[in-house]
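Visitor: Have a look at this one before I ask anything.
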Amino acid sequence: MSATDQEISIVVHFTARLEKEEELLKCMQILPELTRKEPGCIRYELNQEIDNPAAFTFAEKFASREAFDAHVKMPYSVTFSAQADELAETKQVRLHRELHPSHQEETLAGNDAIIIIAHFTAKPGKEKELQEFLATLVAPTRSEPGCIRYEVNQDLDDPATFTFVESFADKAGFDAHCATPYVAKLFELLPILTQAQYIGVHRRVSV
């Protein structure tokens, strides 16, 4: 098994309680610098939804499940978990395996970047068809000049759910991606192939 095969991608969604957005964000901003120093951490990014500033998403990648488990036990992770219980209205943790690794060095998105986190859950019996179509998006999107990252992941606890972690250099790059024929085809097929979907457009939180 290669090192890439052992990697685990995590997406964690938080929605702050009413009027607790700033306090939750302050607690979150402590985590990236500390976590990135962990030997098993490959990526640890904090993002905020543009249309719903009370919603935050961590996009994480660790070298193995053991590395992620070690992260969860770190004192600052334990402290934040207790804080989030008080400050967050909702929390969702999704663990994944990446389906089409790029084998490229991790690049931290700039301040103008647009980050997309999307979850698609296939209808019963449509899992293979959805997965095969999503695979066709990877190569052309990664070749777009504005694309920084484009990953398709499969949920470890719900294999019918696929998660995109995407970064574009700026809004112009993202808009150009949205105007491609393969994205148009995606939105044509989503009502046919999926029973649930979430698409969150984010900005990176500077930390």
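Simple scheme: letters A, B, ... for chains in structure tokens order, numbers from 1 for residues in each chain, numbers from 1 for ligands in the order shown.
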Need the shell around stretch 79-82 of chain A: protein/DNA/RNA residues with any atom at most 7 Å away, counting only C-alpha atoms. Skip same-chain ones fewer than 4 positions apart. Format as a PDB file with C-alpha atoms, in the first residue's frame?
Guide:
```pdb
ATOM      1  CA  CYS A  27     -11.379  29.679  18.825  1.00  0.00           C
ATOM      2  CA  PRO A  75      -4.759  19.175  23.969  1.00  0.00           C
ATOM      3  CA  GLU A  86     -20.965  25.601  23.585  1.00  0.00           C
TER       4      GLU A  86
END
```
Visitor: Skip A:Asp170 itself and residues of its chain fewer than 5 positions away, then list as a list in words all residues within 12 Å of it, counting only C-alpha atoms.
Guide: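 Answer for this query is Ala109, Gly110, Asn111, Asp112, Ala113, Ile114, Ile115, Ile116, Pro145, Gly146, Cys147, Ile148, Asp175, Ala176, His177, Val201, His202, Arg203 and Arg204 of chain A.
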Visitor: Using only C-alpha atoms, I'd like a table of the residues in stretch 74-128 of chain A that come within 12 Å of stretch 191-197 of chain A; for each, show the closest atom pair and its distance in Å rounded to one decimal, ordered by chain and ascending number, as a Markdown table.
Guide:
```
| residue | atom | partner | partner_atom | distance |
| --- | --- | --- | --- | --- |
| A:Ile117 | CA | A:Gln197 | CA | 10.7 |
| A:Ala118 | CA | A:Gln197 | CA | 7.3 |
| A:His119 | CA | A:Gln197 | CA | 5.4 |
| A:Phe120 | CA | A:Gln197 | CA | 4.5 |
| A:Thr121 | CA | A:Ala196 | CA | 5.2 |
| A:Ala122 | CA | A:Thr194 | CA | 4.1 |
| A:Lys123 | CA | A:Thr194 | CA | 4.9 |
| A:Pro124 | CA | A:Gln195 | CA | 8.5 |
| A:Gly125 | CA | A:Leu193 | CA | 9.0 |
| A:Lys126 | CA | A:Leu193 | CA | 5.8 |
| A:Glu127 | CA | A:Leu193 | CA | 7.9 |
| A:Lys128 | CA | A:Leu193 | CA | 9.8 |
```
Visitor: Selection from above, N, CA and C atoms, as a tab-separated table (two decimals), in the first residue's frame, can you write it?
Guide:
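Output below, filename selection19.tsv:
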```tsv
chain	number	residue	atom	x	y	z
A	117	ILE	N	-16.71	23.35	-1.25
A	117	ILE	CA	-16.90	22.05	-0.62
A	117	ILE	C	-18.29	21.57	-1.04
A	118	ALA	N	-18.34	20.41	-1.67
A	118	ALA	CA	-19.63	19.91	-2.17
A	118	ALA	C	-19.78	18.44	-1.82
A	119	HIS	N	-20.97	18.06	-1.38
A	119	HIS	CA	-21.31	16.67	-1.08
A	119	HIS	C	-22.46	16.24	-1.99
A	120	PHE	N	-22.32	15.08	-2.61
A	120	PHE	CA	-23.38	14.52	-3.44
A	120	PHE	C	-23.65	13.09	-2.98
A	121	THR	N	-24.89	12.79	-2.63
A	121	THR	CA	-25.28	11.45	-2.22
A	121	THR	C	-26.12	10.82	-3.31
A	122	ALA	N	-25.66	9.69	-3.81
A	122	ALA	CA	-26.32	9.02	-4.93
A	122	ALA	C	-27.66	8.42	-4.51
A	123	LYS	N	-28.58	8.38	-5.45
A	123	LYS	CA	-29.81	7.63	-5.24
A	123	LYS	C	-29.47	6.14	-5.19
A	124	PRO	N	-30.27	5.33	-4.50
A	124	PRO	CA	-30.01	3.89	-4.47
A	124	PRO	C	-29.91	3.32	-5.89
A	125	GLY	N	-28.85	2.57	-6.12
A	125	GLY	CA	-28.64	1.98	-7.43
A	125	GLY	C	-27.91	2.88	-8.41
A	126	LYS	N	-27.66	4.15	-8.03
A	126	LYS	CA	-27.00	5.10	-8.92
A	126	LYS	C	-25.57	5.40	-8.49
A	127	GLU	N	-25.07	4.69	-7.49
A	127	GLU	CA	-23.76	5.00	-6.93
A	127	GLU	C	-22.65	4.89	-7.98
A	128	LYS	N	-22.62	3.80	-8.72
A	128	LYS	CA	-21.56	3.58	-9.71
A	128	LYS	C	-21.65	4.61	-10.82
```
Visitor: Contacts of A:Thr141 at 12 Å or less, counting only C-alpha atoms, minus same-chain residues fewer than 4 places along, as JSON, numbers by chain?
Guide: {"A": [102, 134, 135, 136, 137, 145, 146, 147, 148, 149, 150, 151, 152, 164, 166, 167, 168, 173, 174, 176, 177, 178, 179, 180, 181, 182, 183]}
Visitor: Could you tell me how far atom CA of A:Lys73 lies from atom CA of A:Leu18, in Å and to one decimal?
Guide: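 The value is 28.4 Å.
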Visitor: Just list as a VMD selection string whatever in chain A DSSP marks as strand (DSSP E or B).
Guide: chain A and resid 8 to 16 41 to 49 55 to 62 88 to 98 114 to 122 147 to 155 161 to 168 194 to 204
Visitor: Emit the selected residues as a tab-separated table (two decimals), in the first residue's frame, including C-alpha atoms.
Guide:
```tsv
chain	number	residue	atom	x	y	z
A	8	ILE	CA	-7.41	10.37	4.90
A	9	SER	CA	-9.32	13.52	3.98
A	10	ILE	CA	-11.63	15.13	6.52
A	11	VAL	CA	-14.28	17.78	6.04
A	12	VAL	CA	-15.76	19.29	9.20
A	13	HIS	CA	-18.72	21.67	9.07
A	14	PHE	CA	-19.70	23.99	11.92
A	15	THR	CA	-22.56	26.46	12.14
A	16	ALA	CA	-22.25	29.00	14.95
A	41	CYS	CA	-0.74	16.68	8.91
A	42	ILE	CA	-0.75	17.25	5.16
A	43	ARG	CA	-3.40	19.97	4.98
A	44	TYR	CA	-5.41	21.96	7.50
A	45	GLU	CA	-7.45	24.87	6.17
A	46	LEU	CA	-10.25	26.92	7.67
A	47	ASN	CA	-12.89	28.34	5.36
A	48	GLN	CA	-16.01	30.49	5.83
A	49	GLU	CA	-19.11	30.33	3.67
A	55	ALA	CA	-20.94	28.50	8.65
A	56	PHE	CA	-17.32	27.34	8.73
A	57	THR	CA	-15.63	24.36	7.12
A	58	PHE	CA	-12.29	22.75	7.87
A	59	ALA	CA	-10.67	20.97	4.90
A	60	GLU	CA	-8.10	18.60	6.31
A	61	LYS	CA	-5.82	15.82	5.13
A	62	PHE	CA	-3.68	13.52	7.26
A	88	ALA	CA	-21.76	25.74	17.57
A	89	GLU	CA	-25.34	24.99	16.66
A	90	THR	CA	-24.37	22.13	14.35
A	91	LYS	CA	-21.29	20.02	13.66
A	92	GLN	CA	-20.72	17.43	10.95
A	93	VAL	CA	-17.56	15.38	10.46
A	94	ARG	CA	-16.95	13.41	7.27
A	95	LEU	CA	-13.96	11.10	6.72
A	96	HIS	CA	-12.95	10.18	3.18
A	97	ARG	CA	-10.55	8.46	0.87
A	98	GLU	CA	-9.48	10.41	-2.19
A	114	ILE	CA	-12.68	30.61	-3.87
A	115	ILE	CA	-13.02	27.28	-2.06
A	116	ILE	CA	-15.83	24.89	-2.87
A	117	ILE	CA	-16.90	22.05	-0.62
A	118	ALA	CA	-19.63	19.91	-2.17
A	119	HIS	CA	-21.31	16.67	-1.08
A	120	PHE	CA	-23.38	14.52	-3.44
A	121	THR	CA	-25.28	11.45	-2.22
A	122	ALA	CA	-26.32	9.02	-4.93
A	147	CYS	CA	-7.71	25.65	-10.71
A	148	ILE	CA	-5.49	25.17	-7.66
A	149	ARG	CA	-7.03	21.97	-6.30
A	150	TYR	CA	-9.77	19.61	-7.44
A	151	GLU	CA	-10.35	16.47	-5.41
A	152	VAL	CA	-13.08	13.87	-5.44
A	153	ASN	CA	-13.43	11.89	-2.22
A	154	GLN	CA	-15.65	9.01	-1.14
A	155	ASP	CA	-17.17	9.04	2.33
A	161	THR	CA	-21.67	10.08	-0.78
A	162	PHE	CA	-18.92	11.82	-2.72
A	163	THR	CA	-17.24	15.03	-1.63
A	164	PHE	CA	-15.43	17.61	-3.72
A	165	VAL	CA	-12.72	19.80	-2.21
A	166	GLU	CA	-11.93	22.50	-4.75
A	167	SER	CA	-9.85	25.68	-4.81
A	168	PHE	CA	-9.76	28.29	-7.54
A	194	THR	CA	-28.47	12.21	-6.47
A	195	GLN	CA	-30.91	12.25	-3.59
A	196	ALA	CA	-29.09	14.90	-1.54
A	197	GLN	CA	-26.52	17.57	-2.27
A	198	TYR	CA	-24.68	20.42	-0.61
A	199	ILE	CA	-22.54	22.98	-2.41
A	200	GLY	CA	-20.81	25.57	-0.22
A	201	VAL	CA	-18.86	28.47	-1.68
A	202	HIS	CA	-16.22	29.68	0.78
A	203	ARG	CA	-13.40	32.12	1.29
A	204	ARG	CA	-10.27	31.05	3.12
```
Visitor: What is the distance, in Å and to one decimal place, between atom CA of A:Leu156 and atom CA of A:Met74?
Guide: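 So the two atoms, atom CA of A:Leu156 and atom CA of A:Met74, lie 23.0 Å apart.
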Visitor: Using DSSP assignments from the backbone, pull out every residue in stretch 17-114 of chain A that falls under alpha helix (DSSP H) and give it to me as an MDAnalysis selection string.
Guide: chainID A and resid 21:28 31:35 65:72 75:87
Visitor: Could you work out how far atom CA of A:Val72 lies from atom CA of A:Arg36, giving the answer in Å with one decimal?
Guide: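 We find that atom CA of A:Arg36 and atom CA of A:Val72 lie 13.2 Å from each other.
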Visitor: So which one's closest to A:Leu186, A:Gln131, A:Gly40, A:Ala84, A:Leu34? Using only C-alpha atoms, please.
Guide: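 Between A:Gln131, A:Gly40, A:Ala84, A:Leu34, the residue approaching A:Leu186 most closely is A:Gln131.
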Visitor: Taking 6 positions as the minimum chain separation for residues in the same chain, which residues sit within 12 Å of A:Ala70 when counting only C-alpha atoms? Answer as a PyMOL selection string.
Guide: chain A and resi 35+38-41+62-64+76-78
Visitor: Export, as a compact mmCIF listing (two decimals), in the first residue's frame, the selected residues with N, CA and C atoms.
Guide:
```
# COMPACT_ATOMS: atom_id res chain seq x y z
N THR A 35 -1.88 22.68 14.30
CA THR A 35 -2.12 21.40 13.63
C THR A 35 -1.13 21.17 12.51
N GLU A 38 1.96 19.19 13.24
CA GLU A 38 1.88 17.76 13.55
C GLU A 38 2.53 16.97 12.41
N PRO A 39 3.31 15.93 12.73
CA PRO A 39 4.03 15.20 11.69
C PRO A 39 3.11 14.53 10.66
N GLY A 40 1.90 14.19 11.04
CA GLY A 40 1.01 13.51 10.11
C GLY A 40 0.07 14.42 9.35
N CYS A 41 0.17 15.73 9.57
CA CYS A 41 -0.74 16.68 8.91
C CYS A 41 -0.23 17.04 7.53
N PHE A 62 -4.71 14.10 6.41
CA PHE A 62 -3.68 13.52 7.26
C PHE A 62 -3.08 12.30 6.58
N ALA A 63 -1.85 11.98 6.95
CA ALA A 63 -1.12 10.90 6.30
C ALA A 63 -1.75 9.54 6.51
N SER A 64 -2.53 9.38 7.59
CA SER A 64 -3.16 8.10 7.90
C SER A 64 -4.28 8.32 8.90
N TYR A 76 -5.03 20.94 22.31
CA TYR A 76 -5.77 22.05 21.69
C TYR A 76 -7.01 21.56 20.96
N SER A 77 -6.96 20.33 20.42
CA SER A 77 -8.16 19.77 19.78
C SER A 77 -9.23 19.47 20.82
N VAL A 78 -8.81 18.93 21.94
CA VAL A 78 -9.76 18.61 23.02
C VAL A 78 -10.39 19.89 23.56
```
